[in-house]
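Here is the structure we will look at, set down as structure tokens.
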Number of protein chains: 2
Amino acid sequence: MKEKSTSFDIAFRAGVSQSTVSRALRNSPLVNEATREKIQAIAKELNYKVDKNASSLRSQHSDTIALLLFEDPTNDDSAINPFFLSMLGSITRACSNRGYDLLVSFQQASEDWHADYEDSNKADGLILLGYGDYLSYEEKLLKLLDQETHFVRWGAEVKNLPLISVGCDNFQGGKEVADHIINQGRKQIAFLGTASSHAPEFFDRYKGYCHALESHGLIVNDRIQFNALYTEDAGYKAACELIASGEKFDAIFAACDLIAVGALRALQEHNITIPEQVSLVGFDDIAIASFTFPSLTTVKQDTQLAGELLVETLLTMIQGDEAKTTLIAPELVIRKSCGS
Amino acid sequence: MKEKSTSFDIAFRAGVSQSTVSRALRNSPLVNEATREKIQAIAKELNYKVDKNASSLRSQHSDTIALLLFEDPTNDDSAINPFFLSMLGSITRACSNRGYDLLVSFQQASEDWHADYEDSNKADGLILLGYGDYLSYEEKLLKLLDQETHFVRWGAEVKNLPLISVGCDNFQGGKEVADHIINQGRKQIAFLGTASSHAPEFFDRYKGYCHALESHGLIVNDRIQFNALYTEDAGYKAACELIASGEKFDAIFAACDLIAVGALRALQEHNITIPEQVSLVGFDDIAIASFTFPSLTTVKQDTQLAGELLVETLLTMIQGDEAKTTLIAPELVIRKSCGS
DNA sequence: TAATAAAATGTAAGCTCTTACAATGATTTT
DNA sequence: AAAATCATTGTAAGAGCTTACATTTTATTA
């Protein structure tokens, strides 16, 4: 690299002190307008940019936030759930709109990700993203809390921890799905996902589904509930198990679109027609959902809004203000897979 | 935040000088093993992390790279082409495998993105990503070159600029597509994309297509070539124009999958059957491609490899070694949309 | 016109590390 | 036993900025 100029070079050329340069470049009201313009002109001419490291070191904040995306360890490192990719996109935009830089990093929940970004002053705060088996890293969250690290999570609330998060109203979403299916006259609605707090989002969707069933006088049948986590493959397998079980079912509620897509494949391979014989509904509304055949009825989570909110909430915390957990309203998107 | 400990605190507790702490924490061979272990233990106990800003400032490198993703300005800020999202994922992984942090940022080609990241020492180098109308920012690339900034681009080579890039062999990909379609007996193959150097990738695909046509004794017919850039909407519109033109065609080569998906929609709305009446082929192999109905024949670009290569190449340059431009082999993925 | 207030600039400390260089003690060589 | 070598540690100088505080200049008021 060529020799870089420093604020001293600018100061020398402008005939002022270095501190005045520093102030001028940050548009401090303390400096005379003429002086400031002169300094900024010289800076531009020399291609000068304030050194981020020096600046952050001195001021003790980096105007940077770090996004930690937790990957599904069962997933062989290739595809990331498109839903999170979409979140990533909106978070990136939200940051840039606010003049913040964004550090992105993929993590395994099991690894030593906590205690890194903010402690080393790489970032002023963290966003934690991923379908969360928060149980498996509750201990790390506690440490984060203990260190007074600023962070927000995407996802469900965690029982009795005072965590700030932004999430979708999964219970409501699950309820709307089940209501809709029931209103279409289906009675045996299988659930593909997980009814355990290891996947709190799925669990909440499941609870909403149960609630709807019960309020329509239907009973929840365990024998048509099969476990599946996050991936298309898992969905495929769960659906195969469901079919093989011999249990009757006339609808499937998949806990996320990827699972639904896998289930769709399984159903088609078994020549089960959708929506005639079986209704299928997913959750997330990833791009793929509108292209499957038949197109997939699902629940849209507004990722654009979610990204904004996550960043907004985190910045509030960084500023030292009180932030609170927000719930985003889900939106049922009706397509062909449930015989609209 | 709580009071953070510094290397001096560690030094005090360990009864050594601060410089020894600094060495110990970076596993310098200069320090005695017993001393090092003691220091590292204390550091761990105090939750100490080396301050990234101080470290980068002093050493003049940040072990960080910046990814600039150029958005299509015609796109109203919502969706990013899934292909690039996939690249983003693989780049993130490649960085983290090498212990580098990654700064991600979306940019409009028109804006003042150059001269920022490396000049301010935020990053040691840049990766430029996006379907590139490099003409529109040639001037900025020149400035980057002039400033001796380290950067790699994803995409086609640019005429006579000495730019290092990693790209797909688009010519070859276009050729394979056309060869395949022709071998299936189709003769009037429309092209939806752009035959201009404003979108060099598309142009190369087009040239490959032309080459294949000619080598099979077919002539390239301008009247069934319609402009479309990057988006599904553009693909839809271009296909509509094609249909409205009244020209005969029995196949469509779309310059990217999103265009193909748009074209698919247009064809279906006009009750044109695929692949019976018209074969349809795309490019990129985004996730959606395998879910359309019929599933989309396309050309896969290995994003996993591409990410690795981009990072690898950039790091080579950062180390001061000679790096060279690489071309990735395209792979034709045959599905149902061209009547395999 | 002197006293006071306001605006603009300068001085210097310090943010936390890395690293060249100097110093120490232990070990080996002659 | 003195000289030379090696391993380990310490000393101190920045890297380039921000900011509290001091100072100067200019405008305002009595």
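Following the order of the structure tokens, first chain is A, next is B, and so on, with residues numbered from 1 inside each chain and ligands from 1 in the order they appear.
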
Next item on the list: Show me which bits of chain C are within 9 Å of chain A, counting only C-alpha atoms (C1' of nucleotides), as a list in words.
Entry: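 Residues passing the distance filter: DA7, DA8, DT9, DG10, DG14, DC15 and DT16 of chain C.
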
Those residues with N, CA, C and O atoms (P, O5', C5', C4', C3', O3' and C1' of nucleotides), as a PDB file, in the first residue's frame please?
ATOM      1  P    DA C   7     -21.353  31.326  21.348  1.00  0.00           P
ATOM      2  O5'  DA C   7     -19.943  31.354  20.596  1.00  0.00           O
ATOM      3  C5'  DA C   7     -19.630  32.449  19.729  1.00  0.00           C
ATOM      4  C4'  DA C   7     -18.295  32.160  19.091  1.00  0.00           C
ATOM      5  C3'  DA C   7     -18.187  30.788  18.440  1.00  0.00           C
ATOM      6  O3'  DA C   7     -17.656  30.985  17.150  1.00  0.00           O
ATOM      7  C1'  DA C   7     -16.409  31.108  19.961  1.00  0.00           C
ATOM      8  P    DA C   8     -17.392  29.771  16.151  1.00  0.00           P
ATOM      9  O5'  DA C   8     -15.849  29.510  16.427  1.00  0.00           O
ATOM     10  C5'  DA C   8     -14.912  30.489  15.987  1.00  0.00           C
ATOM     11  C4'  DA C   8     -13.536  30.019  16.382  1.00  0.00           C
ATOM     12  C3'  DA C   8     -13.123  28.667  15.794  1.00  0.00           C
ATOM     13  O3'  DA C   8     -12.039  28.933  14.923  1.00  0.00           O
ATOM     14  C1'  DA C   8     -12.553  28.844  18.103  1.00  0.00           C
ATOM     15  P    DT C   9     -11.327  27.768  14.146  1.00  0.00           P
ATOM     16  O5'  DT C   9     -10.209  27.349  15.186  1.00  0.00           O
ATOM     17  C5'  DT C   9      -9.096  28.228  15.389  1.00  0.00           C
ATOM     18  C4'  DT C   9      -8.264  27.722  16.544  1.00  0.00           C
ATOM     19  C3'  DT C   9      -7.537  26.417  16.294  1.00  0.00           C
ATOM     20  O3'  DT C   9      -6.187  26.723  16.019  1.00  0.00           O
ATOM     21  C1'  DT C   9      -8.370  26.610  18.526  1.00  0.00           C
ATOM     22  P    DG C  10      -5.126  25.596  15.782  1.00  0.00           P
ATOM     23  O5'  DG C  10      -4.568  25.383  17.256  1.00  0.00           O
ATOM     24  C5'  DG C  10      -4.095  26.509  17.975  1.00  0.00           C
ATOM     25  C4'  DG C  10      -3.566  26.064  19.333  1.00  0.00           C
ATOM     26  C3'  DG C  10      -2.619  24.857  19.281  1.00  0.00           C
ATOM     27  O3'  DG C  10      -1.520  25.126  20.155  1.00  0.00           O
ATOM     28  C1'  DG C  10      -4.425  24.401  20.746  1.00  0.00           C
ATOM     29  P    DG C  14      -2.737  10.411  31.395  1.00  0.00           P
ATOM     30  O5'  DG C  14      -3.579   9.442  30.442  1.00  0.00           O
ATOM     31  C5'  DG C  14      -4.915   9.774  30.100  1.00  0.00           C
ATOM     32  C4'  DG C  14      -5.349   8.831  29.004  1.00  0.00           C
ATOM     33  C3'  DG C  14      -4.727   7.440  29.110  1.00  0.00           C
ATOM     34  O3'  DG C  14      -5.707   6.498  28.771  1.00  0.00           O
ATOM     35  C1'  DG C  14      -4.317   8.299  26.998  1.00  0.00           C
ATOM     36  P    DC C  15      -5.941   5.193  29.569  1.00  0.00           P
ATOM     37  O5'  DC C  15      -6.885   4.356  28.609  1.00  0.00           O
ATOM     38  C5'  DC C  15      -8.050   4.919  28.008  1.00  0.00           C
ATOM     39  C4'  DC C  15      -8.216   4.323  26.632  1.00  0.00           C
ATOM     40  C3'  DC C  15      -7.575   2.948  26.492  1.00  0.00           C
ATOM     41  O3'  DC C  15      -8.567   1.962  26.761  1.00  0.00           O
ATOM     42  C1'  DC C  15      -7.103   4.366  24.590  1.00  0.00           C
ATOM     43  P    DT C  16      -8.259   0.817  27.859  1.00  0.00           P
ATOM     44  O5'  DT C  16      -7.337  -0.219  27.103  1.00  0.00           O
ATOM     45  C5'  DT C  16      -7.810  -0.812  25.922  1.00  0.00           C
ATOM     46  C4'  DT C  16      -6.632  -1.311  25.146  1.00  0.00           C
ATOM     47  C3'  DT C  16      -5.738  -2.283  25.899  1.00  0.00           C
ATOM     48  O3'  DT C  16      -6.020  -3.547  25.351  1.00  0.00           O
ATOM     49  C1'  DT C  16      -4.514  -0.808  24.486  1.00  0.00           C
TER      50       DT C  16
END

Margin query: List the spatial neighbours of stretch 197-211 of chain B as a ChimeraX atom specification - criterion: any atom at most 8 Å away, only C-alpha atoms (C1' of nucleotides), same-chain residues fewer than 4 positions off excluded.
Written below: /B:131-135,155-156,170-179,191,193,215,220,255

Let's have the selection written as a tab-separated table (two decimals), in the first residue's frame, with C-alpha atoms.
chain	number	residue	atom	x	y	z
B	131	TYR	CA	-23.91	-8.89	-11.36
B	132	GLY	CA	-21.70	-6.23	-12.58
B	133	ASP	CA	-22.23	-3.39	-14.86
B	134	TYR	CA	-18.62	-2.68	-14.32
B	135	LEU	CA	-18.72	-0.01	-16.94
B	155	GLY	CA	-17.55	-12.09	-12.27
B	156	ALA	CA	-16.40	-11.75	-15.79
B	170	ASN	CA	-20.06	-18.23	-18.63
B	171	PHE	CA	-19.21	-18.72	-22.26
B	172	GLN	CA	-18.85	-22.43	-21.75
B	173	GLY	CA	-22.04	-22.51	-19.69
B	174	GLY	CA	-24.01	-20.73	-22.39
B	175	LYS	CA	-22.59	-23.07	-24.98
B	176	GLU	CA	-23.55	-26.17	-23.04
B	177	VAL	CA	-27.07	-24.93	-22.58
B	178	ALA	CA	-27.53	-24.23	-26.24
B	179	ASP	CA	-25.87	-27.48	-27.28
B	191	PHE	CA	-32.55	-15.57	-25.38
B	193	GLY	CA	-31.03	-11.49	-20.94
B	215	SER	CA	-21.54	-24.50	-34.84
B	220	VAL	CA	-28.81	-16.29	-34.36
B	255	ALA	CA	-29.64	-15.63	-18.63

Checklist line | From D:DT18, D:DT5, D:DT11, D:DT24, residue lying nearest chain B [only C-alpha atoms (C1' of nucleotides)] | finding: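 Among the listed residues, the smallest separation from chain B belongs to D:DT11.
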
Next item on the list: Could you list the residues in chain B lying within 8 Å of chain A, using only C-alpha atoms, and format the result as a ChimeraX atom specification?
Entry: /B:1-2,4,47-54,56-57,78-80,85-86,89,92-93,96,101-106,115-116,119-122,147-149,287-288,291-293,304

Next item on the list: Could you tell me how far atom CA of B:Ile164 lies from atom CA of B:Thr326, in Å and to one decimal?
Entry: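 Those two atoms sit 8.3 Å apart.
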
Item checked: Nearest candidate to chain D (options A:Arg23, A:Arg13, A:His180, A:Lys159; using only C-alpha atoms (C1' of nucleotides)) ->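 Among the listed residues, A:Arg23 lies closest to chain D.
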
Item checked: In stretch 225-313 of chain B, DSSP helix (DSSP H, G or I) residues written as a PyMOL selection string -> chain B and resi 232-245+257-269+287-290+303-313

Check: What are the DSSP strand (DSSP E) residues of stretch 40-269 of chain B, as an MDAnalysis selection string?
Finding: chainID B and resid 64:71 101:108 125:129 151:154 165:168 189:193 225:227 251:254

Check: Can you tell me how far atom CA of B:Gln188 sits from atom CA of B:Ala329, in Å to one decimal?
Finding: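 Here the two named atoms are 26.5 Å from each other.
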
Give one line per residue of chain D that approaches chain B to at most 9 Å, naming the two atoms of the closest pair and their distance in Å to one decimal, counting only C-alpha atoms (C1' of nucleotides); sort by chain then ascending residue number and deliver it as a Markdown table.
| residue | atom | partner | partner_atom | distance |
| --- | --- | --- | --- | --- |
| D:DA7 | C1' | B:Leu30 | CA | 7.8 |
| D:DT8 | C1' | B:Val31 | CA | 6.4 |
| D:DT9 | C1' | B:Thr20 | CA | 7.0 |
| D:DG10 | C1' | B:Ser17 | CA | 6.4 |
| D:DG14 | C1' | B:Arg58 | CA | 8.2 |
| D:DA15 | C1' | B:Arg58 | CA | 4.3 |
| D:DG16 | C1' | B:Leu57 | CA | 7.6 |

Go ahead and save the picked residues with N, CA and C atoms (P, O5', C5', C4', C3', O3' and C1' of nucleotides), as a CSV table (one decimal), in the first residue's frame.
chain,number,residue,atom,x,y,z
D,7,DA,P,17.7,-21.2,22.1
D,7,DA,O5',16.9,-20.9,23.4
D,7,DA,C5',17.3,-21.6,24.6
D,7,DA,C4',16.6,-20.9,25.8
D,7,DA,C3',15.2,-20.5,25.5
D,7,DA,O3',14.4,-20.9,26.7
D,7,DA,C1',16.4,-18.6,26.2
D,8,DT,P,12.8,-20.7,26.7
D,8,DT,O5',12.8,-19.3,27.4
D,8,DT,C5',13.1,-19.1,28.8
D,8,DT,C4',13.1,-17.7,29.2
D,8,DT,C3',11.7,-17.0,29.0
D,8,DT,O3',11.2,-16.9,30.3
D,8,DT,C1',13.6,-15.6,28.4
D,9,DT,P,9.8,-16.2,30.6
D,9,DT,O5',10.2,-14.7,30.7
D,9,DT,C5',10.9,-14.2,31.9
D,9,DT,C4',11.4,-12.8,31.6
D,9,DT,C3',10.2,-11.8,31.6
D,9,DT,O3',10.2,-11.1,32.8
D,9,DT,C1',12.0,-11.3,30.0
D,10,DG,P,9.1,-9.9,33.0
D,10,DG,O5',10.0,-8.7,32.6
D,10,DG,C5',11.3,-8.4,33.1
D,10,DG,C4',11.9,-7.1,32.6
D,10,DG,C3',10.9,-6.0,32.7
D,10,DG,O3',11.6,-4.8,33.1
D,10,DG,C1',11.7,-6.3,30.5
D,14,DG,P,9.0,6.8,19.0
D,14,DG,O5',7.6,7.1,19.7
D,14,DG,C5',6.5,7.3,18.9
D,14,DG,C4',6.2,6.0,18.2
D,14,DG,C3',4.8,6.1,17.5
D,14,DG,O3',4.8,5.4,16.2
D,14,DG,C1',4.7,4.4,19.1
D,15,DA,P,4.3,6.1,15.0
D,15,DA,O5',3.0,5.3,14.6
D,15,DA,C5',3.1,3.9,14.1
D,15,DA,C4',1.7,3.3,14.2
D,15,DA,C3',0.6,4.4,14.0
D,15,DA,O3',0.2,4.3,12.7
D,15,DA,C1',0.2,3.0,16.0
D,16,DG,P,0.1,5.7,11.9
D,16,DG,O5',-1.2,6.3,12.3
D,16,DG,C5',-2.4,5.6,12.1
D,16,DG,C4',-3.5,6.3,12.9
D,16,DG,C3',-3.7,7.8,12.6
D,16,DG,O3',-5.0,8.0,12.3
D,16,DG,C1',-3.6,7.4,14.9

Check: So how far away is atom CA of B:Thr325 from atom CA of B:Gln301, in Å?
Finding: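 It comes out at 16.3 Å.
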